[in-house]
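**Q** Sharing protein.txt (compact mmCIF, C-alpha atoms) below.
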```
# COMPACT_ATOMS: atom_id res chain seq x y z
CA MET V 1 102.72 133.60 67.69
CA LEU V 2 104.03 130.05 68.25
CA ILE V 3 103.50 130.28 72.02
CA ILE V 4 99.88 131.29 71.46
CA GLU V 5 99.22 128.29 69.20
CA LEU V 6 100.92 125.83 71.57
CA HIS V 7 99.00 127.35 74.47
CA ARG V 8 95.73 127.00 72.55
CA ARG V 9 96.37 123.30 72.00
CA ALA V 10 97.19 122.72 75.69
CA VAL V 11 94.05 124.51 76.85
CA LEU V 12 91.81 122.75 74.33
CA ALA V 13 93.21 119.39 75.49
CA SER V 14 92.19 120.36 79.04
CA VAL V 15 88.70 121.30 77.80
CA ASP V 16 88.42 117.88 76.19
CA VAL V 17 89.36 115.96 79.34
CA VAL V 18 87.19 118.20 81.57
CA SER V 19 84.22 117.48 79.28
CA ARG V 20 84.46 113.86 80.42
CA ILE V 21 83.71 114.73 84.06
CA GLY V 22 80.40 113.16 85.07
CA ASP V 23 77.86 114.25 87.66
CA GLY V 24 79.32 112.03 90.38
CA ASP V 25 82.99 112.82 89.73
CA LEU V 26 83.44 116.21 91.43
CA GLY V 27 84.18 114.63 94.81
CA ARG V 28 87.02 112.47 93.43
CA ASP V 29 90.53 112.98 94.81
CA THR V 30 93.12 114.65 92.58
CA PRO V 31 96.92 114.71 92.51
CA CYS V 32 96.62 118.26 93.95
CA ALA V 33 96.95 117.79 97.72
CA GLY V 34 93.79 118.74 99.57
CA TRP V 35 91.70 119.34 96.43
CA ASN V 36 88.94 117.22 95.05
CA LEU V 37 87.98 117.43 91.40
CA GLY V 38 85.38 120.14 92.10
CA ASP V 39 87.99 122.29 93.89
CA LEU V 40 90.43 121.79 91.03
CA LEU V 41 87.82 122.67 88.41
CA ALA V 42 86.87 125.87 90.28
CA HIS V 43 90.58 126.82 90.42
CA MET V 44 91.13 126.05 86.74
CA THR V 45 88.09 128.09 85.72
CA VAL V 46 89.05 131.19 87.69
CA GLN V 47 92.66 131.00 86.52
CA HIS V 48 91.46 131.22 82.92
CA ASP V 49 89.50 134.35 83.80
CA GLY V 50 92.41 135.82 85.77
CA PHE V 51 94.84 135.34 82.90
CA ALA V 52 92.26 136.70 80.43
CA ALA V 53 91.95 139.80 82.62
CA ALA V 54 95.75 140.08 82.82
CA ALA V 55 95.97 139.99 79.01
CA LYS V 56 93.60 142.97 78.96
CA GLY V 57 95.59 144.93 81.56
CA LEU V 58 93.24 144.09 84.44
CA GLY V 59 95.18 141.35 86.21
CA ALA V 60 96.16 143.44 89.24
CA ASP V 61 92.56 143.34 90.52
CA PRO V 62 92.50 140.59 93.19
CA ALA V 63 88.80 139.96 92.55
CA VAL V 64 89.50 138.39 89.15
CA TRP V 65 91.55 135.66 90.84
CA GLN V 66 88.99 134.65 93.51
CA PRO V 67 87.51 131.18 92.96
CA ARG V 68 83.74 131.03 92.76
CA PRO V 69 81.48 128.13 93.65
CA LEU V 70 80.74 125.81 90.75
CA GLY V 71 77.40 126.40 89.08
CA ALA V 72 74.87 124.02 87.57
CA ASP V 73 77.07 123.29 84.52
CA PRO V 74 80.67 123.26 85.76
CA THR V 75 82.17 121.68 82.64
CA GLY V 76 80.33 124.16 80.40
CA GLU V 77 81.49 127.04 82.61
CA TYR V 78 85.02 125.71 82.38
CA ALA V 79 84.87 125.52 78.57
CA ALA V 80 83.49 129.08 78.38
CA ALA V 81 86.32 130.38 80.61
CA ALA V 82 88.88 128.50 78.50
CA HIS V 83 87.57 130.19 75.37
CA ARG V 84 87.68 133.60 77.08
CA VAL V 85 91.39 133.18 77.80
CA LEU V 86 92.06 131.85 74.30
CA ASP V 87 90.32 134.89 72.82
CA ALA V 88 92.21 137.25 75.14
CA PHE V 89 95.57 135.73 74.20
CA ALA V 90 94.70 135.87 70.49
CA ALA V 91 93.90 139.60 70.62
CA PRO V 92 96.03 141.84 68.39
CA GLY V 93 99.11 143.18 70.18
CA VAL V 94 98.87 140.84 73.16
CA LEU V 95 102.50 139.73 72.86
CA ALA V 96 103.64 143.33 73.36
CA ARG V 97 101.87 143.60 76.74
CA GLU V 98 102.98 143.11 80.32
CA PHE V 99 100.77 140.93 82.52
CA ALA V 100 100.05 141.62 86.19
CA LEU V 101 99.94 138.23 87.92
CA PRO V 102 99.58 138.96 91.65
CA GLU V 103 99.48 135.28 92.58
CA ILE V 104 103.07 135.04 91.33
CA SER V 105 104.34 138.52 92.25
CA THR V 106 102.82 141.84 93.20
CA ALA V 107 106.16 143.59 92.70
CA VAL V 108 106.66 142.99 88.97
CA THR V 109 104.72 142.36 85.80
CA PHE V 110 105.60 139.68 83.28
CA PRO V 111 106.16 139.86 79.52
CA ALA V 112 103.22 138.30 77.69
CA GLU V 113 105.17 135.39 76.25
CA ARG V 114 106.42 134.39 79.69
CA ALA V 115 102.96 134.77 81.26
CA ILE V 116 101.39 132.69 78.51
CA GLY V 117 104.07 130.05 79.15
CA PHE V 118 103.09 130.00 82.84
CA HIS V 119 99.47 129.42 81.89
CA LEU V 120 100.39 126.77 79.33
CA VAL V 121 102.38 124.67 81.80
CA ASP V 122 99.62 125.01 84.38
CA TYR V 123 97.08 123.56 81.97
CA VAL V 124 99.35 120.76 80.85
CA ALA V 125 99.63 119.82 84.54
CA HIS V 126 95.97 120.41 85.41
CA GLY V 127 94.77 118.53 82.35
CA TRP V 128 96.91 115.63 83.55
CA ASP V 129 95.46 116.07 87.07
CA VAL V 130 91.90 115.78 85.74
CA ALA V 131 92.77 112.79 83.56
CA ARG V 132 94.50 111.06 86.45
CA SER V 133 91.50 111.73 88.72
CA LEU V 134 89.20 110.13 86.15
CA GLY V 135 91.55 107.24 85.36
CA LEU V 136 91.95 108.40 81.75
CA PRO V 137 95.03 108.59 79.52
CA TYR V 138 96.23 112.08 78.64
CA GLN V 139 98.03 112.74 75.38
CA LEU V 140 99.49 116.05 74.20
CA ASP V 141 101.36 117.03 71.07
CA PRO V 142 105.15 116.63 71.38
CA ASP V 143 105.76 120.34 70.67
CA VAL V 144 103.35 121.31 73.49
CA LEU V 145 105.21 118.95 75.82
CA ASP V 146 108.58 120.34 74.71
CA ILE V 147 107.71 123.91 75.67
CA ALA V 148 105.92 122.82 78.84
CA LEU V 149 109.01 120.87 79.90
CA ARG V 150 111.20 123.96 79.38
CA VAL V 151 108.82 126.10 81.45
CA ALA V 152 108.47 123.48 84.20
CA ALA V 153 112.27 123.13 84.41
CA ALA V 154 112.54 126.90 84.93
CA VAL V 155 110.09 127.01 87.86
CA PRO V 156 112.18 127.67 91.00
CA ASP V 157 112.35 124.71 93.35
CA GLY V 158 113.14 124.84 97.04
CA GLU V 159 111.64 125.63 100.43
CA ASN V 160 109.22 128.16 98.92
CA ARG V 161 107.28 125.17 97.57
CA LEU V 162 106.65 123.99 101.14
CA ALA V 163 104.85 127.21 102.11
CA PRO V 164 101.07 127.12 102.58
CA GLY V 165 99.34 127.94 99.32
CA ALA V 166 102.44 127.26 97.20
CA ALA V 167 101.53 126.69 93.56
CA PHE V 168 103.63 123.52 93.34
CA ALA V 169 105.02 120.90 95.70
CA PRO V 170 108.77 120.28 95.65
CA ALA V 171 110.04 118.61 92.50
CA LEU V 172 110.25 114.83 92.56
CA PRO V 173 113.06 112.75 91.04
CA VAL V 174 112.31 111.19 87.69
CA PRO V 175 114.65 109.54 85.18
CA GLU V 176 115.88 111.77 82.34
CA ASP V 177 114.65 109.21 79.84
CA ALA V 178 111.11 109.21 81.27
CA PRO V 179 108.32 110.44 78.98
CA ALA V 180 108.09 114.24 78.76
CA LEU V 181 104.73 114.43 80.55
CA ASP V 182 106.09 112.36 83.46
CA ARG V 183 109.07 114.70 83.73
CA ILE V 184 106.82 117.79 83.63
CA VAL V 185 104.51 116.62 86.41
CA ALA V 186 107.46 115.45 88.54
CA LEU V 187 109.16 118.84 88.16
CA LEU V 188 105.90 120.37 89.44
CA GLY V 189 105.77 118.08 92.47
CA ARG V 190 103.37 115.39 91.27
CA SER V 191 104.21 111.70 91.15
CA PRO V 192 103.86 110.38 87.60
CA ALA V 193 102.72 107.09 89.16
```
Now that the file is in, can you turn its structure into structure tokens?
**A**
Amino acid sequence: MLIIELHRRAVLASVDVVSRIGDGDLGRDTPCAGWNLGDLLAHMTVQHDGFAAAAKGLGADPAVWQPRPLGADPTGEYAAAAHRVLDAFAAPGVLAREFALPEISTAVTFPAERAIGFHLVDYVAHGWDVARSLGLPYQLDPDVLDIALRVAAAVPDGENRLAPGAAFAPALPVPEDAPALDRIVALLGRSPA
């Protein structure tokens, strides 16, 4: 259950920073190449729903992963999607399930703990992306950063990250004594600066 609690804290931190997006902020640039804050928020929202569907055995359906246009209350929609994934991950027996995650692989499913780790690291990074776009600091609990750093270090690096639509850019160098969040975002291809 530890992964579920750490995941919950990472997602709630993202909800907090997203709640600070104002009406004029959606066009701001983000650290995600080619995405403004509105694009990023649409992606983050649908990923919550895709992972929630995967936790319920419905992740193989490509429709659950398709971004939708932002509605009249994008931050409220984001918070609602975040709570849907938190509820799905907290369901009894979820850690015994396999998750279909077609954006990662259509050939295999993933044990729940690993899939939840994927989602956790994504929301550590995307929370940082939103904070950076808004010029805000972003603080996470050390134990959340510890697990996110382990997951980020395990993400394969190489030419596959140069392909169109790759989830992450190639890893960037960062000193080993840099703060954990800087090391996480650098491993995922974002410049901590």
**Q** What's around segment 119-125 of chain V at 9 Å? Count only C-alpha atoms, leave out sequence neighbours fewer than 6 positions away in its own chain, and write the answer as a VMD selection string.
**A** chain V and resid 3 6 to 8 10 to 11 13 to 14 44 47 to 48 51 140 144 to 145 147 to 149 151 to 152 181 184 to 185 188 190
**Q** Would you mind reading off the distance between atom CA of Thr109 of chain V and atom CA of Gly158 of chain V, one decimal, in Å?
**A** 22.5 Å
**Q** Using all atoms listed in the file, what residues lie at most 10 Å away from (108.0, 121.0, 91.0) (file coordinates), given as a list in words?
**A** Ala152, Ala153, Ala154, Val155, Pro156, Asp157, Gly158, Arg161, Ala167, Phe168, Ala169, Pro170, Ala171, Leu172, Pro173, Arg183, Ile184, Val185, Ala186, Leu187, Leu188, Gly189 and Arg190 of chain V
**Q** Return the single residue from V:Thr75, V:Leu134, V:Gly57, V:Thr45 that is closest to Ala96 of chain V, with distances computed using only C-alpha atoms.
**A**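 Closest to Ala96 of chain V, using only C-alpha atoms: V:Gly57.
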**Q** In Å, with one decimal, what is the gap from atom CA of Ala112 of chain V to atom CA of Val64 of chain V?
**A** 17.9 Å
**Q** To one decimal in Å, tell me the separation between atom CA of Asp87 of chain V and atom CA of Ser105 of chain V.
**A** 24.2 Å
